[in-house]
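Listing of data-v9.txt; format and content: compact mmCIF, C-alpha atoms.
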```txt
# COMPACT_ATOMS: atom_id res chain seq x y z
CA MET A 8 29.27 23.16 -28.69
CA SER A 9 28.19 19.54 -28.42
CA HIS A 10 25.22 18.69 -26.25
CA LYS A 11 24.98 15.27 -24.64
CA PRO A 12 21.45 14.06 -25.38
CA LYS A 13 19.17 13.26 -22.46
CA ALA A 14 15.58 12.17 -22.02
CA LEU A 15 12.77 12.28 -19.49
CA VAL A 16 10.85 9.06 -18.86
CA LEU A 17 7.24 9.12 -17.69
CA PHE A 18 7.58 6.43 -15.07
CA SER A 19 4.97 4.47 -13.13
CA GLY A 20 7.29 1.64 -12.13
CA GLY A 21 5.20 -0.90 -14.03
CA LEU A 22 6.78 -3.30 -16.49
CA ASP A 23 6.12 -1.19 -19.61
CA SER A 24 7.63 2.01 -18.26
CA GLN A 25 10.60 0.05 -16.91
CA LEU A 26 11.20 -1.47 -20.34
CA ALA A 27 10.95 1.95 -21.97
CA ALA A 28 13.50 3.33 -19.52
CA VAL A 29 15.84 0.38 -20.01
CA ASN A 30 15.66 0.65 -23.78
CA ILE A 31 16.60 4.32 -23.87
CA SER A 32 19.16 4.28 -21.04
CA LYS A 33 20.85 0.90 -21.17
CA VAL A 34 20.25 -0.25 -24.76
CA GLN A 35 20.64 3.13 -26.48
CA GLY A 36 23.00 4.70 -23.93
CA ILE A 37 21.06 7.92 -23.40
CA GLU A 38 21.09 9.73 -20.06
CA VAL A 39 17.60 9.62 -18.55
CA LYS A 40 15.68 10.99 -15.59
CA LEU A 41 12.59 9.10 -14.48
CA ILE A 42 9.63 11.26 -13.54
CA HIS A 43 6.89 9.85 -11.34
CA PHE A 44 3.80 11.95 -10.72
CA TYR A 45 1.95 11.67 -7.44
CA THR A 46 -1.76 12.15 -8.16
CA GLY A 47 -3.08 11.01 -4.78
CA PHE A 48 -4.98 8.11 -6.34
CA CYS A 49 -2.43 5.32 -6.19
CA ILE A 50 -3.88 2.28 -4.42
CA THR A 51 -0.47 1.13 -3.14
CA GLU A 52 0.21 4.47 -1.53
CA HIS A 53 -3.24 4.55 -0.02
CA LYS A 54 -2.81 1.06 1.46
CA ARG A 55 0.31 2.28 3.11
CA ARG A 56 -1.48 5.30 4.56
CA LEU A 57 -4.04 2.95 6.11
CA GLY A 58 -1.35 0.65 7.45
CA ILE A 59 -2.43 -2.27 5.24
CA PRO A 60 0.56 -4.60 4.68
CA ASN A 61 1.29 -6.68 1.58
CA LYS A 62 0.56 -10.41 1.60
CA ASP A 63 4.12 -10.98 2.79
CA GLY A 64 3.48 -8.69 5.78
CA LYS A 65 5.77 -5.94 4.47
CA ILE A 66 4.83 -2.29 4.07
CA PRO A 67 3.84 -1.62 0.44
CA GLN A 68 6.56 0.32 -1.35
CA ASN A 69 6.00 2.93 -4.02
CA PRO A 70 6.44 0.87 -7.21
CA ALA A 71 8.23 3.64 -9.10
CA LEU A 72 10.77 4.18 -6.35
CA LYS A 73 11.37 0.46 -5.97
CA ALA A 74 11.87 0.02 -9.72
CA ALA A 75 14.14 3.06 -10.01
CA ALA A 76 16.35 1.66 -7.25
CA ASN A 77 16.50 -1.72 -8.99
CA LEU A 78 17.39 -0.09 -12.30
CA GLU A 79 19.72 2.38 -10.58
CA LEU A 80 18.26 5.24 -12.57
CA PRO A 81 17.64 8.71 -11.08
CA ILE A 82 14.03 9.45 -10.26
CA GLU A 83 12.08 12.53 -9.33
CA ILE A 84 8.70 12.25 -7.65
CA ILE A 85 6.47 15.25 -8.29
CA ASP A 86 3.29 16.02 -6.36
CA ILE A 87 0.58 17.12 -8.82
CA SER A 88 -2.36 16.16 -6.61
CA GLU A 89 -3.83 19.66 -6.18
CA GLU A 90 -3.86 20.52 -9.89
CA TYR A 91 -4.97 17.01 -10.78
CA ILE A 92 -8.44 17.53 -9.31
CA ASN A 93 -9.38 19.68 -12.29
CA VAL A 94 -8.37 16.86 -14.64
CA ILE A 95 -10.70 14.49 -12.82
CA LEU A 96 -13.63 16.90 -12.61
CA ASN A 97 -13.44 18.42 -16.08
CA PRO A 98 -11.94 15.95 -18.53
CA LYS A 99 -12.07 17.35 -22.06
CA PHE A 100 -12.06 13.83 -23.52
CA GLY A 101 -14.35 12.25 -20.94
CA TYR A 102 -14.03 9.21 -18.74
CA GLY A 103 -13.22 5.58 -19.44
CA LYS A 104 -15.25 2.75 -17.96
CA ASN A 105 -15.23 4.31 -14.49
CA VAL A 106 -14.03 7.81 -13.60
CA ASN A 107 -10.66 7.38 -15.25
CA PRO A 108 -9.93 10.37 -17.49
CA CYS A 109 -7.01 8.49 -19.06
CA LEU A 110 -6.53 10.65 -22.12
CA ASP A 111 -6.71 13.92 -20.19
CA CYS A 112 -4.45 12.44 -17.53
CA ARG A 113 -1.87 11.53 -20.14
CA ILE A 114 -2.05 14.98 -21.72
CA PHE A 115 -1.75 16.68 -18.32
CA MET A 116 1.33 14.64 -17.36
CA LEU A 117 2.99 15.14 -20.72
CA LEU A 118 2.45 18.89 -20.49
CA LYS A 119 4.17 18.79 -17.10
CA LEU A 120 7.04 16.85 -18.67
CA LYS A 121 7.21 19.36 -21.50
CA GLU A 122 7.71 22.13 -18.93
CA ILE A 123 10.61 20.21 -17.35
CA MET A 124 12.03 19.34 -20.77
CA GLU A 125 12.15 22.99 -21.78
CA LYS A 126 13.38 24.24 -18.42
CA GLU A 127 16.11 21.63 -17.93
CA ASN A 128 17.13 21.26 -21.56
CA TYR A 129 16.08 17.67 -22.19
CA ASP A 130 15.84 16.46 -25.78
CA PHE A 131 12.79 14.23 -25.75
CA ILE A 132 10.22 12.35 -23.68
CA VAL A 133 9.85 8.60 -23.32
CA THR A 134 6.73 6.66 -22.33
CA GLY A 135 5.92 2.99 -21.88
CA GLU A 136 2.78 3.21 -24.00
CA VAL A 137 1.90 0.18 -26.10
CA LEU A 138 -0.18 0.60 -29.22
CA GLY A 139 -3.63 -0.94 -28.75
CA GLN A 140 -3.09 -1.90 -25.12
CA ARG A 141 -5.67 0.47 -23.62
CA PRO A 142 -8.73 1.53 -25.63
CA MET A 143 -9.11 4.87 -23.83
CA SER A 144 -5.63 6.22 -24.38
CA GLN A 145 -3.37 3.98 -26.44
CA THR A 146 -4.95 3.57 -29.85
CA LYS A 147 -3.06 5.17 -32.72
CA SER A 148 -5.60 7.98 -33.05
CA LYS A 149 -5.44 8.68 -29.30
CA LEU A 150 -1.66 8.83 -29.36
CA PHE A 151 -1.90 11.42 -32.13
CA ILE A 152 -4.47 13.43 -30.15
CA VAL A 153 -2.04 13.50 -27.23
CA GLU A 154 0.74 14.80 -29.47
CA LYS A 155 -1.50 17.48 -30.92
CA GLU A 156 -2.85 18.61 -27.54
CA THR A 157 0.59 18.80 -25.96
CA GLY A 158 2.46 20.27 -28.91
CA LEU A 159 4.96 17.44 -28.55
CA LYS A 160 4.64 15.95 -32.02
CA GLY A 161 7.83 14.05 -32.76
CA PHE A 162 9.22 14.48 -29.27
CA ILE A 163 7.48 11.50 -27.62
CA VAL A 164 9.33 8.22 -28.03
CA ARG A 165 7.46 5.01 -27.26
CA PRO A 166 10.15 2.31 -27.43
CA LEU A 167 7.77 -0.62 -26.97
CA SER A 168 5.78 0.20 -30.13
CA ALA A 169 8.23 2.49 -31.92
CA LYS A 170 8.54 0.35 -35.05
CA LEU A 171 4.77 0.61 -35.56
CA LEU A 172 4.67 4.39 -35.21
CA PRO A 173 5.95 7.32 -37.29
CA GLU A 174 9.60 8.21 -36.95
CA THR A 175 10.32 10.66 -34.13
CA ILE A 176 12.69 13.64 -34.09
CA PRO A 177 15.39 11.91 -31.96
CA GLU A 178 15.35 9.05 -34.48
CA GLN A 179 15.65 11.49 -37.40
CA LYS A 180 18.58 13.18 -35.67
CA GLY A 181 20.27 9.83 -35.07
CA ILE A 182 20.18 10.25 -31.28
CA ILE A 183 18.41 6.90 -30.90
CA LYS A 184 18.12 3.96 -33.27
CA ARG A 185 14.77 2.67 -34.45
CA GLU A 186 16.13 -0.84 -34.98
CA LEU A 187 16.93 -1.10 -31.28
CA MET A 188 13.30 -0.49 -30.30
CA TRP A 189 10.36 -2.86 -30.48
CA ASP A 190 7.11 -3.55 -32.35
CA ILE A 191 4.79 -4.55 -29.52
CA SER A 192 1.04 -4.00 -29.82
CA GLY A 193 -2.17 -5.19 -28.17
CA ARG A 194 -3.12 -6.40 -24.75
CA SER A 195 -0.99 -9.53 -24.58
CA ARG A 196 1.99 -9.16 -22.26
CA THR A 197 4.01 -12.10 -23.56
CA LYS A 198 6.63 -10.02 -25.37
CA GLN A 199 7.10 -7.71 -22.38
CA ILE A 200 7.48 -10.64 -20.00
CA ASN A 201 10.13 -12.17 -22.25
CA LEU A 202 11.97 -8.84 -22.42
CA ALA A 203 11.76 -8.55 -18.62
CA LYS A 204 13.65 -11.83 -18.38
CA ILE A 205 16.30 -10.65 -20.85
CA TYR A 206 16.89 -7.37 -19.01
CA ASN A 207 16.42 -8.85 -15.53
CA ILE A 208 13.52 -6.56 -14.66
CA ASP A 209 11.52 -7.09 -11.50
CA TYR A 210 7.85 -6.10 -11.76
CA GLU A 211 4.51 -6.37 -9.98
CA GLN A 212 1.82 -8.82 -11.06
CA PRO A 213 -0.92 -8.27 -12.09
CA SER A 214 -0.18 -5.10 -14.01
CA GLY A 215 -2.10 -1.89 -14.49
CA GLY A 216 -4.15 -1.82 -11.30
CA CYS A 217 -2.77 0.99 -9.22
CA CYS A 218 -5.23 3.82 -9.91
CA TYR A 219 -8.35 4.36 -7.83
CA LEU A 220 -9.98 6.16 -10.72
CA THR A 221 -10.31 2.87 -12.59
CA ASP A 222 -11.96 1.23 -9.57
CA GLU A 223 -15.69 0.65 -10.03
CA HIS A 224 -16.50 1.11 -6.33
CA PHE A 225 -14.75 4.47 -6.34
CA ALA A 226 -16.66 5.40 -9.49
CA VAL A 227 -20.03 4.67 -7.87
CA LYS A 228 -19.18 6.93 -4.92
CA PHE A 229 -17.89 9.64 -7.25
CA LYS A 230 -21.01 9.67 -9.41
CA GLU A 231 -23.33 9.59 -6.41
CA GLU A 232 -21.51 12.52 -4.80
CA MET A 233 -21.54 14.50 -8.04
CA SER A 234 -25.30 14.07 -8.25
CA PHE A 235 -25.53 15.92 -4.93
CA LYS A 236 -22.77 18.50 -5.10
CA LYS A 237 -21.90 19.20 -8.76
CA SER A 238 -18.33 19.98 -7.76
CA LEU A 239 -15.91 18.14 -5.52
CA ASN A 240 -12.79 19.11 -3.64
CA TRP A 241 -9.72 17.17 -2.54
CA ASP A 242 -11.34 16.11 0.77
CA ASP A 243 -14.39 14.73 -1.06
CA LEU A 244 -12.20 12.66 -3.37
CA SER A 245 -9.87 11.49 -0.65
CA LEU A 246 -12.77 10.32 1.50
CA MET A 247 -14.05 8.17 -1.35
CA THR A 248 -11.04 5.90 -0.99
CA VAL A 249 -11.93 4.79 2.51
CA GLY A 250 -14.70 3.47 4.77
CA ARG A 251 -18.32 2.45 4.50
CA HIS A 252 -20.37 5.12 2.70
CA LEU A 253 -24.00 5.86 3.56
CA ARG A 254 -26.37 8.56 2.31
CA LEU A 255 -28.98 9.19 5.01
CA PRO A 256 -32.62 10.10 4.34
CA ASN A 257 -32.13 13.85 4.90
CA GLY A 258 -29.00 14.11 2.79
CA THR A 259 -26.17 13.58 5.28
CA LYS A 260 -23.21 11.64 3.91
CA MET A 261 -21.80 9.32 6.57
CA ILE A 262 -18.40 7.64 6.12
CA ILE A 263 -17.64 5.08 8.81
CA SER A 264 -14.29 3.50 9.52
CA ARG A 265 -14.04 -0.29 9.30
CA ASN A 266 -10.71 -0.88 10.99
CA GLU A 267 -7.96 0.82 12.97
CA GLY A 268 -6.18 2.13 9.89
CA GLU A 269 -9.34 3.76 8.55
CA THR A 270 -10.14 5.19 12.00
CA LYS A 271 -6.72 6.83 12.06
CA PHE A 272 -7.11 8.11 8.51
CA LEU A 273 -10.63 9.51 9.06
CA SER A 274 -9.61 11.10 12.36
CA GLY A 275 -7.44 13.41 10.27
CA PHE A 276 -10.63 15.03 8.91
CA LYS A 277 -12.14 15.88 12.32
CA ASN A 278 -10.92 19.47 12.26
CA ARG A 279 -12.95 20.31 9.15
CA PHE A 280 -16.06 18.12 9.29
CA ASP A 281 -18.75 17.15 11.75
CA TYR A 282 -18.17 13.64 13.04
CA ALA A 283 -19.42 10.87 15.32
CA TYR A 284 -17.43 8.32 17.26
CA VAL A 285 -17.63 5.54 19.77
CA GLU A 286 -14.65 5.42 22.11
CA ASN A 287 -12.03 2.86 20.99
CA LYS A 288 -14.36 1.53 18.25
CA ALA A 289 -14.99 3.61 15.14
CA ILE A 290 -15.36 7.12 13.76
CA ALA A 291 -17.74 8.46 11.12
CA ILE A 292 -17.16 11.64 9.16
CA LEU A 293 -20.41 13.50 8.53
CA LYS A 294 -20.69 15.64 5.42
CA ASP A 295 -23.54 18.01 4.62
CA LEU A 296 -25.06 17.14 7.98
CA SER A 297 -28.81 17.43 8.40
CA LYS A 298 -29.77 17.53 12.07
CA GLU A 299 -32.79 15.40 11.24
CA ASP A 300 -30.38 12.53 10.57
CA ILE A 301 -28.79 12.57 14.04
CA ASP A 302 -30.86 9.68 15.42
CA TYR A 303 -29.95 7.60 12.37
CA ILE A 304 -26.27 8.44 12.84
CA ALA A 305 -26.30 7.35 16.48
CA SER A 306 -28.16 4.12 15.68
CA ILE A 307 -25.83 3.28 12.80
CA MET A 308 -22.80 3.82 15.02
CA ALA A 309 -24.42 1.52 17.60
CA ARG A 310 -24.89 -1.14 14.93
CA TYR A 311 -21.26 -1.06 13.82
CA CYS A 312 -19.76 -0.64 17.30
CA GLY A 313 -20.86 -3.79 19.07
CA ASN A 314 -24.46 -4.08 17.83
CA LYS A 315 -25.89 -3.22 21.24
CA PRO A 316 -27.14 -0.07 23.00
CA THR A 317 -24.17 2.28 22.81
CA TYR A 318 -23.08 5.76 23.88
CA VAL A 319 -22.29 7.72 20.74
CA ASN A 320 -20.47 11.07 20.67
CA ILE A 321 -21.44 13.46 17.89
CA SER A 322 -19.58 16.67 17.14
CA ILE A 323 -21.73 19.25 15.36
CA ASP A 324 -20.22 22.66 14.58
CA LYS A 325 -17.50 21.83 17.16
CA ASN A 326 -20.09 21.19 19.90
CA MET A 327 -20.14 17.65 21.31
CA ILE A 328 -23.38 15.88 22.15
CA LYS A 329 -23.71 12.41 23.61
CA LYS A 330 -26.57 10.04 22.81
CA ILE A 331 -27.38 6.51 23.80
CA ALA A 332 -28.69 4.62 20.80
CA GLU A 333 -30.11 1.23 19.87
CA PRO A 334 -28.57 -0.40 16.80
CA LEU A 335 -30.39 0.22 13.52
CA GLU A 336 -31.64 -2.82 11.56
CA ASP A 337 -29.38 -4.02 8.74
CA ASP A 338 -32.15 -3.79 6.13
CA ILE A 339 -32.52 -0.09 6.77
CA ILE A 340 -28.77 0.50 6.79
CA ASN A 341 -28.42 -1.40 3.53
CA SER A 342 -30.92 0.92 1.91
CA PHE A 343 -28.61 3.84 2.77
CA LYS A 344 -25.44 2.28 1.41
CA VAL A 345 -23.80 3.99 -1.54
CA GLY A 346 -22.75 1.57 -4.21
CA VAL A 347 -24.21 -1.60 -2.74
CA GLU A 348 -27.95 -1.07 -2.96
CA SER A 349 -30.12 1.84 -3.96
CA HIS A 350 -30.02 4.55 -1.36
CA VAL A 351 -32.76 6.82 -0.02
CA ARG A 352 -32.66 10.42 -1.17
CA MET B 7 26.94 5.74 15.32
CA LEU B 8 24.18 7.94 13.88
CA ASP B 9 24.39 10.00 17.07
CA ASP B 10 27.76 11.28 15.85
CA ILE B 11 26.32 12.64 12.60
CA LYS B 12 25.66 16.36 12.60
CA ALA B 13 23.05 17.26 10.02
CA ASP B 14 23.28 20.60 8.27
CA ILE B 15 19.55 20.60 7.60
CA GLU B 16 16.69 19.08 9.58
CA HIS B 17 13.44 18.57 7.71
CA ASN B 18 10.31 17.31 9.44
CA VAL B 19 7.65 15.70 7.22
CA CYS B 20 5.63 13.98 9.95
CA GLY B 21 1.99 13.60 8.97
CA THR B 22 2.77 13.00 5.30
CA TYR B 23 2.84 9.64 3.62
CA CYS B 24 4.44 7.98 0.65
CA PRO B 25 5.63 9.40 -1.66
CA ILE B 26 5.56 12.91 -0.18
CA PRO B 27 8.49 12.36 2.24
CA ILE B 28 10.65 11.36 -0.73
CA SER B 29 9.43 14.24 -2.85
CA GLU B 30 10.30 16.58 0.06
CA LEU B 31 13.72 14.96 0.51
CA SER B 32 14.42 15.44 -3.19
CA ASN B 33 13.40 19.12 -3.07
CA GLN B 34 15.63 19.76 -0.06
CA ILE B 35 18.63 18.00 -1.60
CA LYS B 36 18.33 20.16 -4.71
CA GLN B 37 18.89 23.26 -2.58
CA MET B 38 21.84 21.82 -0.61
CA GLN B 39 25.55 22.02 -1.33
CA ILE B 40 27.58 18.89 -2.10
CA GLY B 41 28.89 17.45 1.18
CA GLN B 42 25.96 18.69 3.29
CA ILE B 43 23.83 16.25 5.30
CA ILE B 44 20.07 16.28 5.77
CA GLU B 45 18.14 14.66 8.61
CA LEU B 46 14.65 13.75 7.40
CA ILE B 47 12.15 13.14 10.21
CA ALA B 48 9.02 11.20 9.24
CA ASP B 49 6.37 9.07 10.90
CA ASP B 50 5.58 7.01 7.79
CA PRO B 51 7.33 3.69 8.47
CA GLY B 52 7.74 3.20 4.72
CA VAL B 53 10.66 5.64 4.74
CA VAL B 54 12.80 2.83 6.15
CA GLU B 55 12.80 1.29 2.67
CA ASP B 56 12.07 4.37 0.60
CA VAL B 57 14.99 6.55 1.63
CA PRO B 58 17.71 3.96 0.87
CA ALA B 59 15.90 3.09 -2.39
CA TRP B 60 15.82 6.73 -3.42
CA CYS B 61 19.51 7.11 -2.57
CA LYS B 62 20.37 4.02 -4.61
CA ALA B 63 18.42 5.39 -7.59
CA THR B 64 19.78 8.91 -7.45
CA GLY B 65 23.34 8.24 -6.33
CA GLN B 66 23.15 10.20 -3.05
CA GLU B 67 24.72 8.67 0.06
CA PHE B 68 22.45 7.01 2.60
CA LEU B 69 24.03 7.28 6.04
CA GLY B 70 21.44 5.45 8.12
CA ILE B 71 18.08 5.63 9.87
CA TYR B 72 16.80 5.14 13.40
CA GLU B 73 13.40 5.17 15.10
CA GLU B 74 12.53 7.06 18.24
CA ASP B 75 9.01 7.42 19.68
CA GLY B 76 7.37 6.44 16.39
CA GLU B 77 9.42 8.91 14.37
CA PHE B 78 12.06 7.87 11.87
CA HIS B 79 15.24 9.91 11.48
CA ALA B 80 16.95 9.30 8.14
CA PHE B 81 20.35 10.80 7.25
CA VAL B 82 21.40 11.49 3.67
CA LYS B 83 24.57 13.16 2.41
CA LYS B 84 24.48 15.03 -0.88
CA VAL B 85 27.36 13.74 -2.98
CA LYS B 86 26.30 14.90 -6.45
CA ASP B 87 24.17 17.52 -8.20
```
Now that the file is in, can you turn its structure into structure tokens?
Amino acid sequence: MSHKPKALVLFSGGLDSQLAAVNISKVQGIEVKLIHFYTGFCITEHKRRLGIPNKDGKIPQNPALKAAANLELPIEIIDISEEYINVILNPKFGYGKNVNPCLDCRIFMLLKLKEIMEKENYDFIVTGEVLGQRPMSQTKSKLFIVEKETGLKGFIVRPLSAKLLPETIPEQKGIIKRELMWDISGRSRTKQINLAKIYNIDYEQPSGGCCYLTDEHFAVKFKEEMSFKKSLNWDDLSLMTVGRHLRLPNGTKMIISRNEGETKFLSGFKNRFDYAYVENKAIAILKDLSKEDIDYIASIMARYCGNKPTYVNISIDKNMIKKIAEPLEDDIINSFKVGVESHVR
Amino acid sequence: MLDDIKADIEHNVCGTYCPIPISELSNQIKQMQIGQIIELIADDPGVVEDVPAWCKATGQEFLGIYEEDGEFHAFVKKVKD
């Protein structure tokens, strides 16, 4: 009985993954399904949650969904955010420049694809990886590590660099043709941009900047928090993507909203954290609250909510107290800031 | 015109944001029969673009969307497995 070959494409919606999908589906004529994993750390998605529009005033759209619609290729979006925490906290192959566990991330996603491949009878997996483009995950030796760790040796096709890599099983079987793939390597994007013109592909510029884990400000907050807690949960990580972060002298972590979108976002944490707020101004989530920091909290809220004597509401263990506070001096606040200047411990 | 559509399934994803509403829509569609209609209710304004984009990509039929009291009601008909 003949089986019509089909492939899964690991799809971010960036130019490289679009080209990979186009090569296999439109150039080679193979049926594909695009798979986009939701990790919870996409900057575009987070902007949307905070109500931050694009420069053109429009709501940011998920790049994978937008690209799939343009290419008219079926896409599945899979939420892996809960399981993904373990990848971030315990990366076997360590972090890149910030807290980006790129190699472990790649292995984790490919293992997920392998599950789908086996369950839904797909023949192989396609990625938009380019040899030598990213030092953490896309050198030849790293690509081989990924294949070994996932047990997918021969089943991962990388059309952009295929001619520079060993022959894969679908090539050996004649399902896809090597000569129809490319020989791209390195960090230059010239060849991809030219191919985008040929295949009429729309893509975001600049590329490769959609993951919070590669953001240095996020990394500072992550490392600071780990030095206090040793282990983090989803709330801890989610809170790192928003607000002004302060570590107070007695250990309280204070995260203050800077605009309406952040106030709305942080308000969603009120049911599981202590918090402080000034009516119609700002909210601060208080983690690991030390009661000796309460006067600081009130004074910091006063500073950021009008910079004048202010009534501040503070909810501690679900009990609300109200304090009138004078604004705290900026020099002192700056010494508490995480990631800007050294903070008091 | 959307008032005349009778959905077979109503799925409320209010409180979730991109791309969870689409992931939920996809999961629901998988369990539906061809010809059935789903009404997805969301408060993420991005669904206005996301739902038609998802339909275009996957080949399902987008019937329309309206807003009422800050909630978006999107209608999709399953036309293929």
Atom-to-atom span, atom CA of A:Tyr318 and atom CA of A:Ala305, Å: 8.2 Å
Residue nearest chain B among A:Met124, A:Cys109, A:Val345, A:Ile82 (counting all atoms listed in the file):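 Comparing A:Met124, A:Cys109, A:Val345, A:Ile82 against chain B, the winner is A:Ile82.
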Expected answer as a list in words: chain A residues within 8 Å of chain B, only C-alpha atoms: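 Interface list for chain A against chain B: Tyr45, Glu52, Arg55, Arg56, Ile66, Pro67, Gln68, Asn69, Leu72, Lys73, Ala75, Ala76, Asn77, Leu78, Glu79, Leu80, Pro81, Ile82, Glu83, Ile84, Ile85 and Asp86 of chain A.
Within the 10 Å cut-off around A:Pro108, using only C-alpha atoms and omitting residues fewer than 2 positions from it on the same chain, the listed residues are Val94, Ile95, Leu96, Asn97, Pro98, Lys99, Phe100, Gly101, Tyr102, Gly103, Lys104, Asn105, Val106, Leu110, Asp111, Cys112, Arg113, Met143, Ser144, Leu220 and Thr221 of chain A.
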Non-local contacts of stretch 27-43 of chain A (10 Å; all atoms listed in the file; under 6 positions in same chain excluded) as an MDAnalysis selection string: (chainID A and resid 11:20 70:72 75 78 80:87 116 119:120 123 129 131:136 164:168 182:185 187:189 203 206 208) or (chainID B and resid 25 29 63:64)
Two-atom distance - atom CA of A:Lys329, atom CA of A:Glu232 (Å): 28.5 Å
Atom-to-atom span, atom CA of A:Ser322 and atom CA of A:Leu255, Å: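 Computed distance, atom CA of A:Ser322 to atom CA of A:Leu255, equals 17.1 Å.
Distance check against A:Gln140 using only C-alpha atoms: of A:Lys294, A:Lys65, A:Arg194, A:Lys277, the minimum falls on A:Arg194.
By chain and then residue number, the residues within 10 Å of A:Leu244 are Gly47, Phe48, Ile92, Ile95, Phe225, Lys228, Phe229, Glu232, Leu239, Asn240, Trp241, Asp242, Leu246, Met247, Thr248 and Val249 of chain A, counting all atoms listed in the file and disregarding those fewer than 2 positions away in sequence.
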Need the shell around B:Asp10: protein/DNA/RNA residues with any atom at most 12 Å away, counting all atoms listed in the file. Skip same-chain ones fewer than 5 positions apart. Format as an mmCIF file with C-alpha atoms, in the coordinates of the input?
```
data_model
loop_
_atom_site.group_PDB
_atom_site.id
_atom_site.type_symbol
_atom_site.label_atom_id
_atom_site.label_comp_id
_atom_site.auth_asym_id
_atom_site.auth_seq_id
_atom_site.Cartn_x
_atom_site.Cartn_y
_atom_site.Cartn_z
ATOM 1 C CA LEU B 69 24.030 7.280 6.040
ATOM 2 C CA GLY B 70 21.440 5.450 8.120
ATOM 3 C CA PHE B 81 20.350 10.800 7.250
#
```
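Between A:Glu223 and the residues A:Gly346, A:Ser297, A:Phe115, A:Gly64, the shortest atom-to-atom distance, using all atoms listed in the file, involves A:Gly346.
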Shell around stretch 333-335 of chain A at 12 Å using only C-alpha atoms, local window under 2 positions removed, as a VMD selection string: chain A and resid 302 to 319 330 to 331 337 to 343
Given the block above, output stretch 284-298 of chain A with N, CA and C atoms as a tab-separated table (two decimals), in the first residue's frame.
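Result file follows (decode17.tsv):
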```
chain	number	residue	atom	x	y	z
A	284	TYR	N	-1.14	49.21	45.97
A	284	TYR	CA	-1.62	49.99	44.84
A	284	TYR	C	-2.03	51.38	45.28
A	285	VAL	N	-2.00	52.27	44.30
A	285	VAL	CA	-2.55	53.61	44.47
A	285	VAL	C	-3.67	53.73	43.45
A	286	GLU	N	-4.85	54.08	43.95
A	286	GLU	CA	-6.05	54.12	43.11
A	286	GLU	C	-5.80	54.85	41.78
A	287	ASN	N	-6.15	54.21	40.69
A	287	ASN	CA	-6.05	54.79	39.34
A	287	ASN	C	-4.63	55.19	38.94
A	288	LYS	N	-3.62	54.66	39.62
A	288	LYS	CA	-2.23	55.02	39.28
A	288	LYS	C	-1.40	53.79	38.91
A	289	ALA	N	-1.04	53.01	39.91
A	289	ALA	CA	-0.14	51.87	39.64
A	289	ALA	C	-0.36	50.77	40.68
A	290	ILE	N	0.13	49.60	40.34
A	290	ILE	CA	0.09	48.46	41.27
A	290	ILE	C	1.50	47.89	41.39
A	291	ALA	N	1.81	47.35	42.56
A	291	ALA	CA	3.09	46.64	42.72
A	291	ALA	C	2.80	45.26	43.30
A	292	ILE	N	3.35	44.25	42.68
A	292	ILE	CA	3.27	42.90	43.24
A	292	ILE	C	4.43	42.74	44.20
A	293	LEU	N	4.14	42.16	45.37
A	293	LEU	CA	5.16	42.02	46.42
A	293	LEU	C	5.44	40.54	46.63
A	294	LYS	N	6.66	40.14	46.36
A	294	LYS	CA	7.02	38.73	46.55
A	294	LYS	C	7.94	38.60	47.74
A	295	ASP	N	7.79	37.50	48.47
A	295	ASP	CA	8.64	37.24	49.64
A	295	ASP	C	8.64	38.46	50.57
A	296	LEU	N	7.46	38.93	50.87
A	296	LEU	CA	7.32	40.18	51.62
A	296	LEU	C	7.89	40.08	53.04
A	297	SER	N	8.74	41.07	53.35
A	297	SER	CA	9.19	41.25	54.73
A	297	SER	C	8.45	42.48	55.27
A	298	LYS	N	7.80	42.32	56.41
A	298	LYS	CA	7.01	43.44	56.95
A	298	LYS	C	7.89	44.65	57.28
```
